[in-house]
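Reading through the structure tokens given below for one structure.
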Number of protein chains: 4
Amino acid sequence: MSDRETTLLEIKSRVLEFVRVRDWERFHSPKNLSMALAAEAAELMEHFLWDTPEASIERAENEAVADELADIVIYAIEFANITGIDLSKAIENKMAKNAEKYPVEKARGNALKYTDL
Amino acid sequence: MSDRETTLLEIKSRVLEFVRVRDWERFHSPKNLSMALAAEAAELMEHFLWDTPEASIERAENEAVADELADIVIYAIEFANITGIDLSKAIENKMAKNAEKYPVEKARGNALKYTDL
Amino acid sequence: MSDRETTLLEIKSRVLEFVRVRDWERFHSPKNLSMALAAEAAELMEHFLWDTPEASIERAENEAVADELADIVIYAIEFANITGIDLSKAIENKMAKNAEKYPVEKARGNALKYTDL
Amino acid sequence: MSDRETTLLEIKSRVLEFVRVRDWERFHSPKNLSMALAAEAAELMEHFLWDTPEASIERAENEAVADELADIVIYAIEFANITGIDLSKAIENKMAKNAEKYPVEKARGNALKYTDL
């Protein structure tokens, strides 16, 4: 598998299969999955807690970091599975909204929230 | 775009382009992106704060929920972009580890942590 | 120590002392402490991930839960220490604002966000 | 109110009263409150997302930051209220454990996790 050829549907199917054979769908309400997502995101963040932003670049090379990132995406994919969300479409829609909130000429090179642009 | 035909690389390229034209890479250290990921995950979770797990199923149909999920995946993709992580490989690796931690016969139908199986 | 007689200043002093003798103030920027707070809050939440709300009541009796709650408050106290925030005043101010956002007659018995009341 | 004279019990009572008159205890399972805590912690963190640690010091002077910190502590207090946890004792216990995990001579001036000391 590599990002070049793997479609989102292929990953969705793998995650679905993993969950199904363990009979875990009963626990996977959107509420519970949103908690799991937030918990995994916090675990990724914990690696960088006391790092300077610069030092975090080197630390991100650890396999443990790739593992945490994977767990986040796995839960996001599972969230899409149980809710029937088409992730590619959701991303396309959201990026169009983000592009409107952050027009290039105003947002370039600054990190202000769109409400402050 | 749909999950059936969209590869991870295609989404990665779109996110990369979005960030580049806004000159936002300067803010996107792994540390900062991990915070952004956690913040977006919390926003998704906020929708379901006071719902029962059952009630969260219906609420998940709101477009706002798909938007939050998209933001999480966008930041995860951007994290992969700036760190050079191949997400498909990372997911494949992590799912193999998860399968070992949660063997089907032990994990089926229960939600215990692997350390308690 | 008990909640009946312990003032916030006493806890603040204990936390300050703990941090000072370890020379940890150098790591405790507001940014880093906010990350630590979010990470500890996620650890508390992880205990209840797959519980029903009802089942979470019994689980909350575990000492591990009290430990996680303590860690959250310790970091909140430390955040107040390094920023000079008077927590009692901040709580008083915020509760006054919350009372305005959620007037009793409108908010009673429902969990709507104030923007939807 | 000020931290010098306010006891934890006094704050607990205020929060209890606020919740009771709104009949909100029905929503306040440990599971739900842990989510609310994590969501508020993420809101505090969002203020510092793109700041350097140094720049976060100045930003922390905004009243909005004190407000977010207050919300975290209010939910922590409410969590203690509904579970019957004595926060002062929990903090005392946890700080004793933390002191063992992070002995001064080993932990001084470094931010390693106790498992790496």
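If you're wondering about the labels, chains in the structure tokens are A, B, ... by order shown, residues count from 1 in each chain, ligands from 1 in order shown.
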Could you work out which residues of chain D fall inside 10 Å of chain B? Count only C-alpha atoms, and format the result as a VMD selection string. chain D and resid 26 to 29 31 to 36 38 to 46 48 to 52
Got time to write the residues from that selection, N, CA, C and O atoms, as a short mmCIF file (atom, residue, chain, number, x, y, z; two decimals), in the first residue's frame?
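Written output follows (again.cif):
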```
data_model
loop_
_atom_site.label_atom_id
_atom_site.label_comp_id
_atom_site.auth_asym_id
_atom_site.auth_seq_id
_atom_site.Cartn_x
_atom_site.Cartn_y
_atom_site.Cartn_z
N ARG D 26 -29.16 15.80 35.35
CA ARG D 26 -29.52 14.65 34.51
C ARG D 26 -28.58 14.44 33.33
O ARG D 26 -28.49 13.35 32.79
N PHE D 27 -27.91 15.50 32.91
CA PHE D 27 -26.97 15.37 31.79
C PHE D 27 -25.53 15.08 32.26
O PHE D 27 -24.68 14.75 31.45
N HIS D 28 -25.32 15.23 33.56
CA HIS D 28 -23.94 15.25 34.06
C HIS D 28 -23.44 13.89 34.54
O HIS D 28 -22.98 13.75 35.68
N SER D 29 -23.47 12.90 33.67
CA SER D 29 -22.78 11.64 33.97
C SER D 29 -21.28 11.91 33.91
O SER D 29 -20.84 12.86 33.24
N LYS D 31 -19.17 10.34 32.20
CA LYS D 31 -18.79 10.28 30.78
C LYS D 31 -18.99 11.64 30.11
O LYS D 31 -18.07 12.18 29.49
N ASN D 32 -20.19 12.19 30.26
CA ASN D 32 -20.49 13.46 29.60
C ASN D 32 -19.63 14.60 30.14
O ASN D 32 -19.16 15.46 29.37
N LEU D 33 -19.42 14.62 31.44
CA LEU D 33 -18.61 15.70 32.01
C LEU D 33 -17.15 15.59 31.57
O LEU D 33 -16.48 16.61 31.38
N SER D 34 -16.67 14.36 31.41
CA SER D 34 -15.28 14.22 30.94
C SER D 34 -15.14 14.75 29.52
O SER D 34 -14.11 15.33 29.15
N MET D 35 -16.18 14.58 28.71
CA MET D 35 -16.18 15.15 27.35
C MET D 35 -16.21 16.68 27.42
O MET D 35 -15.49 17.36 26.66
N ALA D 36 -17.04 17.21 28.30
CA ALA D 36 -17.14 18.66 28.42
C ALA D 36 -15.81 19.26 28.87
O ALA D 36 -15.36 20.30 28.36
N ALA D 38 -12.82 17.97 28.35
CA ALA D 38 -11.87 17.90 27.23
C ALA D 38 -12.18 18.97 26.19
O ALA D 38 -11.27 19.57 25.60
N ALA D 39 -13.46 19.23 25.96
CA ALA D 39 -13.85 20.25 24.99
C ALA D 39 -13.42 21.64 25.46
O ALA D 39 -12.92 22.45 24.67
N GLU D 40 -13.59 21.92 26.75
CA GLU D 40 -13.18 23.23 27.27
C GLU D 40 -11.67 23.38 27.24
O GLU D 40 -11.14 24.46 26.95
N ALA D 41 -10.96 22.29 27.56
CA ALA D 41 -9.50 22.35 27.52
C ALA D 41 -9.02 22.65 26.10
O ALA D 41 -8.06 23.40 25.89
N ALA D 42 -9.72 22.07 25.12
CA ALA D 42 -9.35 22.33 23.72
C ALA D 42 -9.61 23.80 23.36
O ALA D 42 -8.86 24.40 22.58
N GLU D 43 -10.67 24.37 23.92
CA GLU D 43 -10.96 25.79 23.63
C GLU D 43 -9.88 26.70 24.20
O GLU D 43 -9.49 27.69 23.56
N LEU D 44 -9.39 26.37 25.37
CA LEU D 44 -8.27 27.15 25.92
C LEU D 44 -7.07 27.05 24.98
O LEU D 44 -6.43 28.05 24.63
N MET D 45 -6.78 25.83 24.57
CA MET D 45 -5.61 25.56 23.73
C MET D 45 -5.68 26.28 22.39
O MET D 45 -4.67 26.72 21.85
N GLU D 46 -6.91 26.41 21.87
CA GLU D 46 -7.07 27.04 20.56
C GLU D 46 -6.52 28.47 20.52
O GLU D 46 -6.10 28.93 19.46
N PHE D 48 -3.80 29.43 21.60
CA PHE D 48 -2.34 29.45 21.45
C PHE D 48 -1.84 28.62 20.28
O PHE D 48 -0.64 28.39 20.14
N LEU D 49 -2.77 28.21 19.42
CA LEU D 49 -2.47 27.23 18.37
C LEU D 49 -1.23 27.59 17.57
O LEU D 49 -0.34 26.76 17.36
N TRP D 50 -1.16 28.79 17.08
CA TRP D 50 -0.07 29.17 16.16
C TRP D 50 0.95 30.07 16.82
O TRP D 50 1.85 30.59 16.16
N ASP D 51 0.80 30.28 18.12
CA ASP D 51 1.78 31.09 18.85
C ASP D 51 3.06 30.31 19.11
O ASP D 51 3.04 29.10 19.30
N THR D 52 4.18 31.00 19.16
CA THR D 52 5.35 30.41 19.79
C THR D 52 5.06 30.33 21.29
O THR D 52 4.21 31.08 21.81
#
```
Name the residues in contact with stretch 107-114 of chain C at a cut-off of 6 Å, using only C-alpha atoms, excluding same-chain residues fewer than 6 positions from it; report them as a PyMOL selection string. (chain C and resi 101) or (chain D and resi 22-24)
Which one is closest to B:Val104: B:Ile91, B:Leu117, B:Val19, B:Ala80? Count only C-alpha atoms. B:Leu117
Any idea what's packed within 12 Å of C:Glu17, counting only C-alpha atoms, ignoring anything in its chain fewer than 6 positions away? Could you give it as a count of residues only? 10
